[in-house]
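Q: Have a peek at target-v6.txt (compact mmCIF, C-alpha atoms).
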```
# COMPACT_ATOMS: atom_id res chain seq x y z
CA MET S 23 -34.38 -19.68 39.45
CA LYS S 24 -31.12 -21.58 39.42
CA LYS S 25 -30.68 -20.73 35.75
CA ILE S 26 -31.22 -17.04 36.34
CA PHE S 27 -28.78 -17.15 39.20
CA LEU S 28 -26.22 -18.87 36.98
CA LEU S 29 -26.79 -16.30 34.23
CA LEU S 30 -26.32 -13.47 36.69
CA ILE S 31 -23.05 -14.99 37.90
CA CYS S 32 -21.89 -15.32 34.27
CA CYS S 33 -22.77 -11.69 33.52
CA TRP S 34 -21.03 -10.52 36.65
CA THR S 35 -17.89 -12.53 35.75
CA ILE S 36 -17.78 -11.17 32.19
CA SER S 37 -18.26 -7.56 33.25
CA ALA S 38 -15.70 -7.94 36.01
CA ASN S 39 -13.09 -9.20 33.52
CA ALA S 40 -13.87 -6.65 30.91
CA GLN S 41 -12.97 -3.31 32.38
CA VAL S 42 -11.08 -2.55 29.16
CA GLN S 43 -14.14 -2.69 26.94
CA LYS S 44 -12.67 -1.95 23.57
CA VAL S 45 -10.09 0.08 21.68
CA ASN S 46 -10.83 2.61 18.98
CA LEU S 47 -8.07 2.80 16.40
CA GLN S 48 -7.76 5.42 13.72
CA ALA S 49 -5.20 4.62 11.02
CA SER S 50 -3.51 7.20 8.82
CA GLY S 51 -1.75 7.33 5.47
CA LEU S 52 -4.42 5.60 3.42
CA THR S 53 -7.47 6.33 1.31
CA CYS S 54 -8.23 3.00 -0.38
CA ALA S 55 -10.37 0.03 0.68
CA MET S 56 -7.60 -2.42 -0.21
CA CYS S 57 -5.29 -0.60 2.23
CA SER S 58 -8.01 -0.54 4.88
CA LYS S 59 -8.57 -4.26 4.43
CA ALA S 60 -4.86 -4.90 4.92
CA ILE S 61 -5.07 -3.20 8.33
CA TYR S 62 -8.31 -5.01 9.18
CA LYS S 63 -6.74 -8.40 8.38
CA ALA S 64 -3.53 -7.62 10.28
CA VAL S 65 -5.40 -6.50 13.42
CA SER S 66 -7.90 -9.39 13.22
CA ALA S 67 -5.00 -11.86 13.10
CA ILE S 68 -3.67 -10.77 16.54
CA SER S 69 -4.24 -13.60 19.03
CA PHE S 70 -6.03 -11.57 21.73
CA VAL S 71 -8.34 -9.72 19.30
CA ASP S 72 -11.89 -11.01 19.19
CA THR S 73 -13.81 -8.74 16.79
CA VAL S 74 -12.98 -5.73 14.62
CA LEU S 75 -15.66 -3.35 13.37
CA VAL S 76 -14.53 -1.03 10.58
CA ASN S 77 -15.63 2.32 9.28
CA ILE S 78 -13.68 2.42 6.00
CA GLU S 79 -14.57 6.01 5.20
CA ALA S 80 -13.33 7.35 8.56
CA SER S 81 -10.47 4.82 8.69
CA THR S 82 -11.52 3.79 12.22
CA TYR S 83 -11.56 0.31 13.76
CA ASP S 84 -13.44 -0.73 16.91
CA ILE S 85 -11.47 -3.58 18.40
CA ARG S 86 -12.83 -5.92 21.09
CA PHE S 87 -10.76 -8.51 22.94
CA ASP S 88 -10.97 -12.04 24.26
CA ASN S 89 -11.73 -11.87 27.96
CA GLU S 90 -9.16 -14.54 28.68
CA THR S 91 -6.06 -12.66 27.55
CA THR S 92 -4.49 -9.31 28.30
CA PRO S 93 -4.52 -7.00 25.27
CA ARG S 94 -1.21 -5.48 24.15
CA PHE S 95 -1.78 -2.06 22.59
CA ASP S 96 1.78 -1.92 21.24
CA GLN S 97 1.05 -5.06 19.19
CA ILE S 98 -2.00 -3.38 17.64
CA ALA S 99 0.14 -0.40 16.61
CA LYS S 100 2.79 -2.75 15.21
CA ALA S 101 0.20 -4.59 13.10
CA VAL S 102 -0.85 -1.28 11.51
CA VAL S 103 2.76 -0.32 10.78
CA ASP S 104 3.54 -3.77 9.34
CA ALA S 105 0.55 -3.41 7.03
CA GLY S 106 2.32 -0.28 5.69
CA PHE S 107 0.45 2.50 7.49
CA SER S 108 0.48 4.53 10.71
CA VAL S 109 -1.67 5.03 13.78
CA ALA S 110 -3.33 8.45 14.04
CA ASN S 111 -5.15 7.72 17.28
CA LEU S 112 -5.53 4.79 19.67
CA THR S 113 -8.09 5.23 22.42
CA VAL S 114 -8.94 2.65 25.11
CA MET S 115 -12.53 2.61 26.40
CA VAL S 116 -12.49 1.61 30.06
CA ASN S 117 -15.22 1.06 32.61
CA PHE S 118 -13.62 1.99 35.93
CA ASP S 119 -14.79 0.74 39.27
CA LYS S 120 -13.26 3.01 41.94
CA GLN S 121 -9.79 2.68 40.43
CA ALA S 122 -7.12 4.16 42.71
CA VAL S 123 -4.43 6.29 41.03
CA ASP S 124 -1.15 7.06 42.82
CA LYS S 125 0.33 10.56 43.10
CA ASN S 126 2.47 10.02 39.97
CA GLY S 127 -0.61 9.11 37.94
CA LEU S 128 0.23 5.40 37.90
CA PHE S 129 -2.35 2.63 38.11
CA THR S 130 -2.72 -1.01 37.04
CA LEU S 131 -5.88 -2.41 35.50
CA ASP S 132 -6.45 -5.98 34.23
CA GLY S 133 -2.69 -6.54 34.44
CA ILE S 134 -1.86 -3.47 32.32
CA ASN S 135 0.15 -0.55 33.72
CA TYR S 136 -0.90 3.00 32.82
CA LYS S 137 0.46 6.43 33.60
CA LEU S 138 -1.93 9.35 33.35
CA MET S 139 -0.46 12.46 31.77
CA GLY S 140 -0.91 15.81 33.54
CA THR S 141 -2.79 16.25 36.80
CA SER S 142 -4.69 13.11 37.69
CA PRO S 143 -7.60 12.38 40.04
CA ALA S 144 -7.06 10.06 43.07
CA THR S 145 -9.71 7.66 41.79
CA LEU S 146 -11.27 6.91 38.42
CA GLN S 147 -14.92 5.96 38.24
CA GLY S 148 -17.29 5.00 35.42
CA SER S 149 -16.84 4.97 31.67
CA LYS S 150 -13.69 6.82 30.50
CA LYS S 151 -11.59 7.16 27.36
CA LEU S 152 -7.82 6.90 27.59
CA GLN S 153 -5.85 8.09 24.59
CA LEU S 154 -2.46 6.42 24.19
CA ILE S 155 0.39 8.92 23.94
CA GLY S 156 3.60 8.17 22.05
CA LYS S 157 5.30 8.14 18.68
CA GLN S 158 3.69 4.89 17.58
CA TYR S 159 0.16 5.92 18.65
CA MET S 160 -0.34 9.35 17.09
CA LEU S 161 0.33 11.65 14.14
CA PRO S 162 3.63 13.59 14.27
CA LYS S 163 1.74 16.92 14.41
CA ASP S 164 -0.18 15.76 17.50
CA LEU S 165 2.95 14.38 19.15
CA LYS S 166 4.64 17.77 18.83
CA LYS S 167 2.06 19.23 21.24
CA ILE S 168 3.13 16.83 24.03
CA PRO S 169 5.89 18.15 26.37
CA VAL S 170 9.07 16.11 25.88
CA ALA S 171 9.53 15.69 29.66
CA GLN S 172 6.21 13.81 29.84
CA LEU S 173 7.20 11.38 27.08
CA GLY S 174 10.55 10.39 28.54
CA ASN S 175 9.39 9.73 32.09
CA VAL S 176 7.56 6.42 31.51
CA ALA S 177 8.69 2.83 32.23
CA SER S 178 8.83 0.50 29.23
CA ASN S 179 6.04 -1.75 30.61
CA THR S 180 3.69 1.22 31.14
CA TYR S 181 1.39 2.98 28.68
CA LEU S 182 1.33 6.76 28.83
CA VAL S 183 -2.27 7.93 28.44
CA SER S 184 -4.31 11.08 28.60
CA LEU S 185 -7.86 11.23 29.88
CA LYS S 186 -10.21 12.36 27.09
CA MET A 21 -1.77 16.51 -26.60
CA LYS A 22 -5.42 17.47 -26.23
CA LYS A 23 -6.11 14.02 -24.84
CA ILE A 24 -3.45 14.47 -22.17
CA ILE A 25 -4.76 17.86 -21.11
CA PHE A 26 -8.25 16.37 -20.91
CA PHE A 27 -7.03 13.56 -18.67
CA LEU A 28 -4.99 15.84 -16.44
CA LEU A 29 -8.00 18.13 -16.00
CA LEU A 30 -10.06 15.13 -14.99
CA PHE A 31 -7.54 14.37 -12.30
CA CYS A 32 -7.23 17.90 -10.95
CA GLY A 33 -10.02 17.99 -8.44
CA TYR A 34 -13.01 16.61 -10.27
CA PHE A 35 -13.06 13.31 -8.38
CA SER A 36 -12.73 12.87 -4.69
CA LYS A 37 -10.17 10.20 -3.80
CA ALA A 38 -6.70 9.18 -4.75
CA GLN A 39 -5.45 5.76 -5.80
CA GLU A 40 -1.84 4.70 -6.15
CA LEU A 41 -2.24 1.17 -7.47
CA PHE A 42 -0.75 2.17 -10.82
CA VAL A 43 -0.80 -0.11 -13.83
CA TYR A 44 2.63 0.53 -15.40
CA THR A 45 4.65 1.74 -12.46
CA GLU A 46 5.13 0.85 -8.81
CA PRO A 47 4.32 3.37 -6.06
CA ALA A 48 6.77 4.04 -3.22
CA SER A 49 4.36 2.23 -0.89
CA ASN A 50 4.83 -1.50 -0.51
CA MET A 51 2.48 -4.40 -0.09
CA PRO A 52 1.62 -5.22 3.54
CA ALA A 53 4.13 -7.46 5.29
CA LYS A 54 3.31 -11.19 5.06
CA SER A 55 1.11 -10.76 1.97
CA VAL A 56 1.46 -12.32 -1.47
CA ALA A 57 0.08 -11.22 -4.84
CA ILE A 58 0.02 -12.94 -8.21
CA LYS A 59 -0.21 -10.84 -11.33
CA GLN A 60 -1.00 -12.16 -14.77
CA SER A 61 -0.93 -9.84 -17.76
CA ALA A 62 -0.99 -9.88 -21.52
CA LYS A 63 0.41 -7.15 -23.74
CA PHE A 64 -0.77 -6.76 -27.33
CA PHE A 65 1.70 -4.89 -29.51
CA ASP A 66 0.41 -3.22 -32.63
CA GLN A 67 3.22 -3.52 -35.19
CA GLY A 68 1.37 -2.17 -38.19
CA ALA A 69 0.85 -5.08 -40.57
CA THR A 70 1.25 -7.63 -37.76
CA SER A 71 0.76 -7.76 -34.02
CA SER A 72 2.42 -9.68 -31.21
CA MET A 73 1.38 -10.78 -27.78
CA ARG A 74 3.48 -11.19 -24.65
CA HIS A 75 2.34 -12.76 -21.39
CA ALA A 76 3.81 -12.12 -17.99
CA THR A 77 3.38 -13.86 -14.65
CA GLU A 78 4.64 -12.05 -11.60
CA ILE A 79 4.68 -13.12 -7.97
CA MET A 80 5.00 -10.34 -5.39
CA LEU A 81 5.85 -10.74 -1.76
CA GLY A 82 5.64 -8.31 1.17
CA ALA A 83 8.79 -9.49 2.98
CA SER A 84 8.56 -6.85 5.72
CA LYS A 85 6.85 -3.50 6.22
CA ASN A 86 9.57 -1.83 4.14
CA LEU A 87 10.73 -4.48 1.69
CA MET A 88 8.93 -6.18 -1.15
CA ILE A 89 10.26 -8.69 -3.64
CA HIS A 90 8.97 -9.69 -7.09
CA GLY A 91 9.85 -12.60 -9.33
CA ALA A 92 8.54 -12.53 -12.89
CA ALA A 93 8.64 -14.44 -16.14
CA THR A 94 7.52 -13.39 -19.61
CA TYR A 95 6.58 -15.76 -22.38
CA GLY A 96 5.02 -15.47 -25.80
CA ALA A 97 5.63 -15.74 -29.49
CA MET A 98 7.11 -12.36 -30.28
CA ASN A 99 8.48 -11.57 -33.70
CA ASN A 100 7.42 -14.87 -35.27
CA THR A 101 9.43 -17.07 -32.89
CA PRO A 102 7.83 -20.23 -31.45
CA PHE A 103 5.83 -19.75 -28.25
CA GLY A 104 8.07 -20.12 -25.22
CA LEU A 105 9.76 -18.55 -22.22
CA GLU A 106 11.37 -15.22 -23.11
CA SER A 107 12.69 -13.76 -19.90
CA ILE A 108 12.91 -13.93 -16.12
CA ARG A 109 13.26 -11.01 -13.76
CA ALA A 110 13.82 -10.33 -10.05
CA TYR A 111 12.86 -7.03 -8.44
CA GLY A 112 13.24 -5.59 -4.94
CA LYS A 113 11.93 -2.33 -3.50
CA TYR A 114 12.79 -0.79 -0.16
CA ARG A 115 10.68 2.02 1.32
CA PHE A 116 13.07 4.27 3.22
CA PHE A 117 10.93 7.30 3.96
CA SER A 118 7.33 7.67 5.02
CA ALA A 119 5.41 10.67 6.33
CA ASP A 120 1.77 9.79 6.96
CA GLY A 121 -1.01 12.33 7.46
CA MET A 122 -4.65 11.54 8.15
CA TYR A 123 -5.66 11.00 4.51
CA SER A 124 -2.31 11.64 2.91
CA HIS A 125 1.23 10.41 2.72
CA PHE A 126 4.56 11.13 1.11
CA ARG A 127 6.81 8.15 0.61
CA MET A 128 10.14 7.40 -0.99
CA ALA A 129 11.56 4.05 -2.02
CA ALA A 130 14.63 2.69 -3.79
CA PHE A 131 14.39 -0.25 -6.14
CA ALA A 132 16.67 -2.53 -8.14
CA GLU A 133 15.97 -5.25 -10.64
CA ILE A 134 17.87 -7.74 -12.70
CA ALA A 135 16.58 -9.46 -15.84
CA HIS A 136 17.64 -12.22 -18.16
CA SER A 137 16.16 -12.56 -21.64
CA ASN A 138 16.49 -15.22 -24.35
CA THR A 139 15.22 -13.02 -27.14
CA LYS A 140 17.37 -11.69 -29.95
CA PRO A 141 18.11 -7.96 -29.73
CA MET A 142 16.04 -6.20 -32.35
CA TYR A 143 15.23 -2.74 -31.06
CA GLN A 144 17.02 0.28 -29.69
CA GLU A 145 14.52 0.62 -26.86
CA ILE A 146 15.91 -0.69 -23.57
CA ASN A 147 13.30 -2.90 -21.98
CA LEU A 148 14.00 -5.33 -19.16
CA GLN A 149 10.48 -6.72 -19.19
CA GLY A 150 11.18 -9.29 -21.90
CA ASP A 151 13.43 -7.79 -24.54
CA GLN A 152 16.89 -7.63 -22.95
CA SER A 153 19.10 -8.87 -20.14
CA GLY A 154 20.40 -6.25 -17.74
CA MET A 155 19.81 -4.33 -14.54
CA GLN A 156 17.95 -1.26 -13.41
CA ALA A 157 18.02 0.79 -10.22
CA GLY A 158 16.14 3.90 -9.22
CA LEU A 159 14.02 5.93 -6.86
CA VAL A 160 10.26 6.30 -6.50
CA PHE A 161 8.48 9.28 -4.94
CA THR A 162 4.76 9.07 -4.20
CA GLN A 163 2.50 11.77 -2.81
CA LEU A 164 -0.99 10.73 -1.84
CA LEU A 165 -3.33 13.62 -1.13
CA HIS A 166 -7.00 13.20 -0.41
CA LYS A 167 -7.86 14.07 -3.98
CA LEU A 168 -4.86 12.97 -6.00
CA ALA A 169 -2.12 10.37 -6.07
CA VAL A 170 1.02 11.47 -7.90
CA SER A 171 4.04 9.26 -8.30
CA SER A 172 7.32 9.69 -10.07
CA THR A 173 10.08 7.22 -10.84
CA VAL A 174 13.61 7.96 -12.00
CA SER A 175 15.94 5.10 -12.81
CA TYR A 176 19.10 4.06 -14.55
CA ALA A 177 19.06 0.94 -16.73
CA ALA A 178 21.95 -0.86 -18.36
CA ILE A 179 21.79 -3.95 -20.50
CA ASN A 180 24.31 -6.77 -20.67
CA GLY A 181 25.44 -7.50 -24.11
CA ASN A 182 28.61 -6.61 -25.75
CA SER A 183 27.79 -9.12 -28.44
CA LYS A 184 27.92 -8.01 -32.05
CA ALA A 185 24.19 -8.45 -32.34
CA HIS A 186 23.62 -6.01 -29.49
CA GLN A 187 26.12 -3.51 -30.78
CA LEU A 188 24.54 -3.55 -34.19
CA VAL A 189 21.18 -2.55 -32.79
CA MET A 190 22.17 -0.43 -29.81
CA GLY A 191 25.56 0.98 -30.57
CA ASN A 192 28.13 0.70 -27.78
CA LYS A 193 26.17 2.72 -25.25
CA ALA A 194 23.41 0.52 -23.93
CA GLU A 195 22.46 2.60 -20.92
CA ALA A 196 19.22 4.45 -20.42
CA LEU A 197 17.55 6.91 -18.13
CA ASN A 198 13.92 5.95 -17.46
CA TYR A 199 11.41 8.28 -15.91
CA SER A 200 7.70 8.32 -15.24
CA LEU A 201 4.96 10.52 -13.85
CA SER A 202 1.71 8.84 -12.81
CA PHE A 203 -1.64 10.13 -11.60
CA GLY A 204 -4.40 8.05 -10.05
CA HIS A 205 -7.98 8.57 -8.94
CA LEU A 206 -10.81 6.60 -7.41
CA ILE A 207 -14.13 7.16 -9.16
CA LEU A 208 -16.35 4.57 -7.49
CA PRO A 209 -17.59 3.95 -4.88
CA LYS A 210 -18.57 7.48 -3.90
CA LYS A 211 -18.76 6.37 -0.29
CA TYR A 212 -17.04 3.35 1.24
CA THR A 213 -19.31 1.17 3.32
CA SER A 214 -17.87 -2.33 2.85
CA TYR A 215 -14.84 -4.21 1.53
CA ASP A 216 -17.14 -5.99 -0.94
CA GLN A 217 -17.85 -2.82 -2.92
CA THR A 218 -16.34 -2.78 -6.40
CA ASN A 219 -13.79 -0.01 -6.90
CA PHE A 220 -13.37 1.76 -10.20
CA ASN A 221 -10.11 3.69 -10.63
CA ILE A 222 -8.56 5.59 -13.51
CA TYR A 223 -4.92 6.37 -14.09
CA ALA A 224 -2.82 8.44 -16.46
CA GLU A 225 0.88 7.73 -16.78
CA LEU A 226 3.69 9.38 -18.71
CA LEU A 227 6.51 6.93 -19.40
CA GLY A 228 9.79 8.11 -20.87
CA GLN A 229 13.23 6.86 -21.79
CA ALA A 230 16.39 8.66 -22.87
CA ILE A 231 19.54 6.92 -24.10
CA PRO A 232 22.27 9.55 -23.77
CA GLY A 233 24.87 7.49 -25.68
CA THR A 234 22.89 7.40 -28.87
CA ARG A 235 20.78 10.52 -28.18
CA LYS A 236 17.62 8.52 -28.67
CA SER A 237 14.48 8.95 -26.62
CA TYR A 238 10.79 8.23 -26.39
CA LEU A 239 7.84 9.47 -24.36
CA ASP A 240 4.61 7.47 -24.02
CA PHE A 241 1.25 8.27 -22.54
CA ALA A 242 -0.76 5.47 -20.95
CA PRO A 243 -4.31 5.99 -19.74
CA SER A 244 -5.79 3.01 -17.92
CA MET A 245 -8.72 1.85 -15.88
CA GLN A 246 -8.96 -0.60 -13.03
CA LEU A 247 -11.66 -2.56 -11.28
CA ILE A 248 -11.07 -3.99 -7.80
CA PHE A 249 -13.43 -6.66 -6.55
CA LYS A 250 -13.84 -7.47 -2.84
CA SER A 251 -10.70 -5.44 -2.07
CA LYS A 252 -8.50 -8.29 -3.32
CA LEU A 253 -8.95 -8.92 -7.05
CA LYS A 254 -7.75 -6.31 -9.53
CA PHE A 255 -8.43 -6.03 -13.25
CA ASN A 256 -6.46 -3.57 -15.36
CA LEU A 257 -7.03 -2.39 -18.91
CA ALA A 258 -4.49 0.02 -20.36
CA TYR A 259 -3.64 1.59 -23.69
CA ARG A 260 -0.14 2.92 -24.24
CA PHE A 261 0.75 5.16 -27.14
CA ASN A 262 3.71 7.11 -28.33
CA LEU A 263 3.91 10.90 -28.02
CA GLN A 264 7.45 11.20 -29.27
CA SER A 265 10.08 8.69 -30.32
CA SER A 266 13.39 8.72 -32.09
CA MET A 267 14.32 5.07 -31.55
CA THR A 268 13.30 1.72 -33.00
CA ARG A 269 10.81 -0.05 -30.75
CA MET A 270 8.70 -3.16 -30.66
CA ALA A 271 5.57 -1.07 -31.22
CA GLN A 272 4.37 2.50 -31.04
CA THR A 273 1.09 1.48 -29.48
CA SER A 274 0.09 -1.41 -27.22
CA TRP A 275 -2.76 -2.67 -25.06
CA MET A 276 -2.40 -4.38 -21.73
CA LEU A 277 -4.93 -6.55 -19.98
CA GLY A 278 -4.17 -7.92 -16.54
CA GLY A 279 -5.45 -9.45 -13.33
CA GLU A 280 -3.94 -9.45 -9.86
CA TRP A 281 -4.91 -11.48 -6.80
CA LEU A 282 -3.90 -10.26 -3.36
CA PHE A 283 -3.59 -12.66 -0.43
CA LEU A 284 -3.25 -10.80 2.87
CA ASN A 285 -1.51 -12.53 5.80
CA ALA A 286 -0.50 -15.33 3.43
CA PHE A 287 2.40 -16.48 5.55
CA LYS A 288 3.65 -16.17 9.10
CA LYS A 289 6.99 -14.62 9.91
```
Written as structure tokens, how would this file's structure read?
A:
Amino acid sequence: MKKIFLLLICCWTISANAQVQKVNLQASGLTCAMCSKAIYKAVSAISFVDTVLVNIEASTYDIRFDNETTPRFDQIAKAVVDAGFSVANLTVMVNFDKQAVDKNGLFTLDGINYKLMGTSPATLQGSKKLQLIGKQYMLPKDLKKIPVAQLGNVASNTYLVSLK
Amino acid sequence: MKKIIFFLLLFCGYFSKAQELFVYTEPASNMPAKSVAIKQSAKFFDQGATSSMRHATEIMLGASKNLMIHGAATYGAMNNTPFGLESIRAYGKYRFFSADGMYSHFRMAAFAEIAHSNTKPMYQEINLQGDQSGMQAGLVFTQLLHKLAVSSTVSYAAINGNSKAHQLVMGNKAEALNYSLSFGHLILPKKYTSYDQTNFNIYAELLGQAIPGTRKSYLDFAPSMQLIFKSKLKFNLAYRFNLQSSMTRMAQTSWMLGGEWLFLNAFKK
């Protein structure tokens, strides 16, 4: 019984720390496996990254993190650019537990500041996808669709995101 | 000419993916930052009654996302000289423009190289990969579309050497305009599932030189094939032959066999 209790506590601790479950990265500007491997190696080498699952054909990477450290999405984008390519899409999969959002769309989760683009709900609940918005996180053609006023109005320590 | 048309037709839409890891030329893309590659190649020159062989070792470094640096040495026993070091060369390429699409990109880079050679000048062809000392600078444009990789290089080359020996062979004008047009395609695998799959690529490259001072020129065609093992070990086999030439050269036809090892994240910044 003690063991089960201990296991339950462990599970509860892990799930409580892991509200940011994973990140889905889509890289652009490449068609070859050697190029894809360069991105895979660069992302895998980041200190807070635990595992990377790749779909070479789709050029997508499922990235999971160490529970101990806070992931930095800007460092993931930088690793892709340093490998010689670009980010087409970076989406964070989050499991929300009654997350309060202020009237400006700002909220903090696991030590990371986010700002929701557009009209935002007062609370976020359950499994959601947050797409990172910005020059380093999307294709130029997709960035053009974002109003300039939205892009400029974000603090440097905050990620601008849109709810998918 | 028929051969060229055949190859170009092969490239125009028959296969499904592009490759820009060309055998004779560099694309505008660079190696990933913090990676190192070592390239070993052997060229076999068919000189009619005889043939010669030249080896080259090249170390390539991804210094940053935009800059890569090469250092190379060639050695061999060309033209009945004893086997030994023939030349050393340093090369740098800077990618200054990049527009990435989902499965495409257009990139531009500028490059410069400097070479020193011990060999005696014997040919009118200006070649900094073993034959002569000098410098070269130019631009590379590479377009990668889902179905085709096309790359073009335009460069200016000048050799050092106002010696009588040089003048005798070259005349006073030892400057050349080099240009190339390369096409590349991935044939296998049909579908990528793992980095361990062997890649099979084919390339076709047009390589030209014009020496305005002496009004000499050549144009070569070089088809090649490439195997890539475990996304890190490359093997190239290429045949280069002359389409047109009005200058004296080491050989009208040559073969090249080479291997290249890529080490990603080889060093920390």
Q: Counting all atoms listed in the file, a student should be able to say which residues of chain S come within 7 Å of chain A; what is the right answer, written as a PDB file with C-alpha atoms, keeping the file's coordinate frame?
A:
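Resulting contents of result.pdb:
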```
ATOM      1  CA  SER S  50      -3.510   7.200   8.820  1.00  0.00           C
ATOM      2  CA  GLY S  51      -1.750   7.330   5.470  1.00  0.00           C
ATOM      3  CA  LEU S  52      -4.420   5.600   3.420  1.00  0.00           C
ATOM      4  CA  THR S  53      -7.470   6.330   1.310  1.00  0.00           C
ATOM      5  CA  CYS S  54      -8.230   3.000  -0.380  1.00  0.00           C
ATOM      6  CA  ALA S  55     -10.370   0.030   0.680  1.00  0.00           C
ATOM      7  CA  MET S  56      -7.600  -2.420  -0.210  1.00  0.00           C
ATOM      8  CA  LYS S  59      -8.570  -4.260   4.430  1.00  0.00           C
ATOM      9  CA  ALA S  60      -4.860  -4.900   4.920  1.00  0.00           C
ATOM     10  CA  LYS S  63      -6.740  -8.400   8.380  1.00  0.00           C
ATOM     11  CA  ALA S  64      -3.530  -7.620  10.280  1.00  0.00           C
ATOM     12  CA  ILE S  78     -13.680   2.420   6.000  1.00  0.00           C
ATOM     13  CA  GLU S  79     -14.570   6.010   5.200  1.00  0.00           C
ATOM     14  CA  VAL S 103       2.760  -0.320  10.780  1.00  0.00           C
ATOM     15  CA  ASP S 104       3.540  -3.770   9.340  1.00  0.00           C
ATOM     16  CA  ALA S 105       0.550  -3.410   7.030  1.00  0.00           C
ATOM     17  CA  GLY S 106       2.320  -0.280   5.690  1.00  0.00           C
ATOM     18  CA  SER S 108       0.480   4.530  10.710  1.00  0.00           C
ATOM     19  CA  ALA S 110      -3.330   8.450  14.040  1.00  0.00           C
ATOM     20  CA  LEU S 161       0.330  11.650  14.140  1.00  0.00           C
TER      21      LEU S 161
END
```
Q: Excluding stretch 147-156 of chain A and residues on its chain fewer than 5 positions from it, collect all residues at most 7 Å away from it, counting all atoms listed in the file, and give them as a PyMOL selection string.
A: chain A and resi 94+106-107+132-137+139+141+175-180
Q: Could you list, as an mmCIF file with C-alpha atoms, in the coordinates of the input, every residue within 12 Å of stretch 65-76 of chain S, counting all atoms listed in the file and ignoring same-chain residues fewer than 6 positions away?
A:
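Ended up saving to result_4.cif:
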```
data_model
loop_
_atom_site.group_PDB
_atom_site.id
_atom_site.type_symbol
_atom_site.label_atom_id
_atom_site.label_comp_id
_atom_site.auth_asym_id
_atom_site.auth_seq_id
_atom_site.Cartn_x
_atom_site.Cartn_y
_atom_site.Cartn_z
ATOM 1 C CA GLN S 43 -14.140 -2.690 26.940
ATOM 2 C CA LYS S 44 -12.670 -1.950 23.570
ATOM 3 C CA VAL S 45 -10.090 0.080 21.680
ATOM 4 C CA ASN S 46 -10.830 2.610 18.980
ATOM 5 C CA LEU S 47 -8.070 2.800 16.400
ATOM 6 C CA GLN S 48 -7.760 5.420 13.720
ATOM 7 C CA ALA S 49 -5.200 4.620 11.020
ATOM 8 C CA ALA S 55 -10.370 0.030 0.680
ATOM 9 C CA SER S 58 -8.010 -0.540 4.880
ATOM 10 C CA LYS S 59 -8.570 -4.260 4.430
ATOM 11 C CA THR S 82 -11.520 3.790 12.220
ATOM 12 C CA TYR S 83 -11.560 0.310 13.760
ATOM 13 C CA ASP S 84 -13.440 -0.730 16.910
ATOM 14 C CA ILE S 85 -11.470 -3.580 18.400
ATOM 15 C CA ARG S 86 -12.830 -5.920 21.090
ATOM 16 C CA PHE S 87 -10.760 -8.510 22.940
ATOM 17 C CA ASP S 88 -10.970 -12.040 24.260
ATOM 18 C CA ASN S 89 -11.730 -11.870 27.960
ATOM 19 C CA GLU S 90 -9.160 -14.540 28.680
ATOM 20 C CA THR S 91 -6.060 -12.660 27.550
ATOM 21 C CA THR S 92 -4.490 -9.310 28.300
ATOM 22 C CA PRO S 93 -4.520 -7.000 25.270
ATOM 23 C CA ARG S 94 -1.210 -5.480 24.150
ATOM 24 C CA PHE S 95 -1.780 -2.060 22.590
ATOM 25 C CA ASP S 96 1.780 -1.920 21.240
ATOM 26 C CA GLN S 97 1.050 -5.060 19.190
ATOM 27 C CA ILE S 98 -2.000 -3.380 17.640
ATOM 28 C CA ALA S 99 0.140 -0.400 16.610
ATOM 29 C CA LYS S 100 2.790 -2.750 15.210
ATOM 30 C CA ALA S 101 0.200 -4.590 13.100
ATOM 31 C CA VAL S 102 -0.850 -1.280 11.510
ATOM 32 C CA VAL S 103 2.760 -0.320 10.780
ATOM 33 C CA ASP S 104 3.540 -3.770 9.340
ATOM 34 C CA ALA S 105 0.550 -3.410 7.030
ATOM 35 C CA LYS A 54 3.310 -11.190 5.060
ATOM 36 C CA TYR A 212 -17.040 3.350 1.240
ATOM 37 C CA THR A 213 -19.310 1.170 3.320
ATOM 38 C CA SER A 214 -17.870 -2.330 2.850
ATOM 39 C CA TYR A 215 -14.840 -4.210 1.530
ATOM 40 C CA LEU A 284 -3.250 -10.800 2.870
ATOM 41 C CA ASN A 285 -1.510 -12.530 5.800
ATOM 42 C CA ALA A 286 -0.500 -15.330 3.430
ATOM 43 C CA PHE A 287 2.400 -16.480 5.550
ATOM 44 C CA LYS A 288 3.650 -16.170 9.100
#
```
Q: Mind listing as a VMD selection string all residues within 7 Å of (20.3, 8.0, -20.6), counting all atoms listed in the file?
A: chain A and resid 195 to 197 230 to 233
Q: Neighbouring residues of stretch 66-75 of chain A were defined as those with any atom within 10 Å, considering only C-alpha atoms; residues of the same chain fewer than 4 positions away were excluded. Please report them as a PyMOL selection string.
A: chain A and resi 60-62+93-100+103+105-106+149-150+269-278
Q: What does the structure give for the distance between atom CA of A:Phe117 and atom CA of A:Phe220, in Å to one decimal?
A: 28.7 Å
Q: Do you have the atom CA of A:Leu263-atom CA of A:Ala130 distance handy?
A: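 Answer for the atom CA of A:Leu263 to atom CA of A:Ala130 separation: 27.7 Å.
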Q: Pick the closest to A:Ser200 from A:Thr101, A:Asn256, A:Thr268, A:Thr162: which is it, counting only C-alpha atoms?
A: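 Answer, going by the shortest atom-to-atom distance: A:Thr162.
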Q: Given the choices A:Phe261, A:Trp281, A:Tyr44, A:Tyr114, which gets closest to A:Phe131 if the distance is worked out from only C-alpha atoms?
A: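 Result for the nearest residue to A:Phe131: A:Tyr114.
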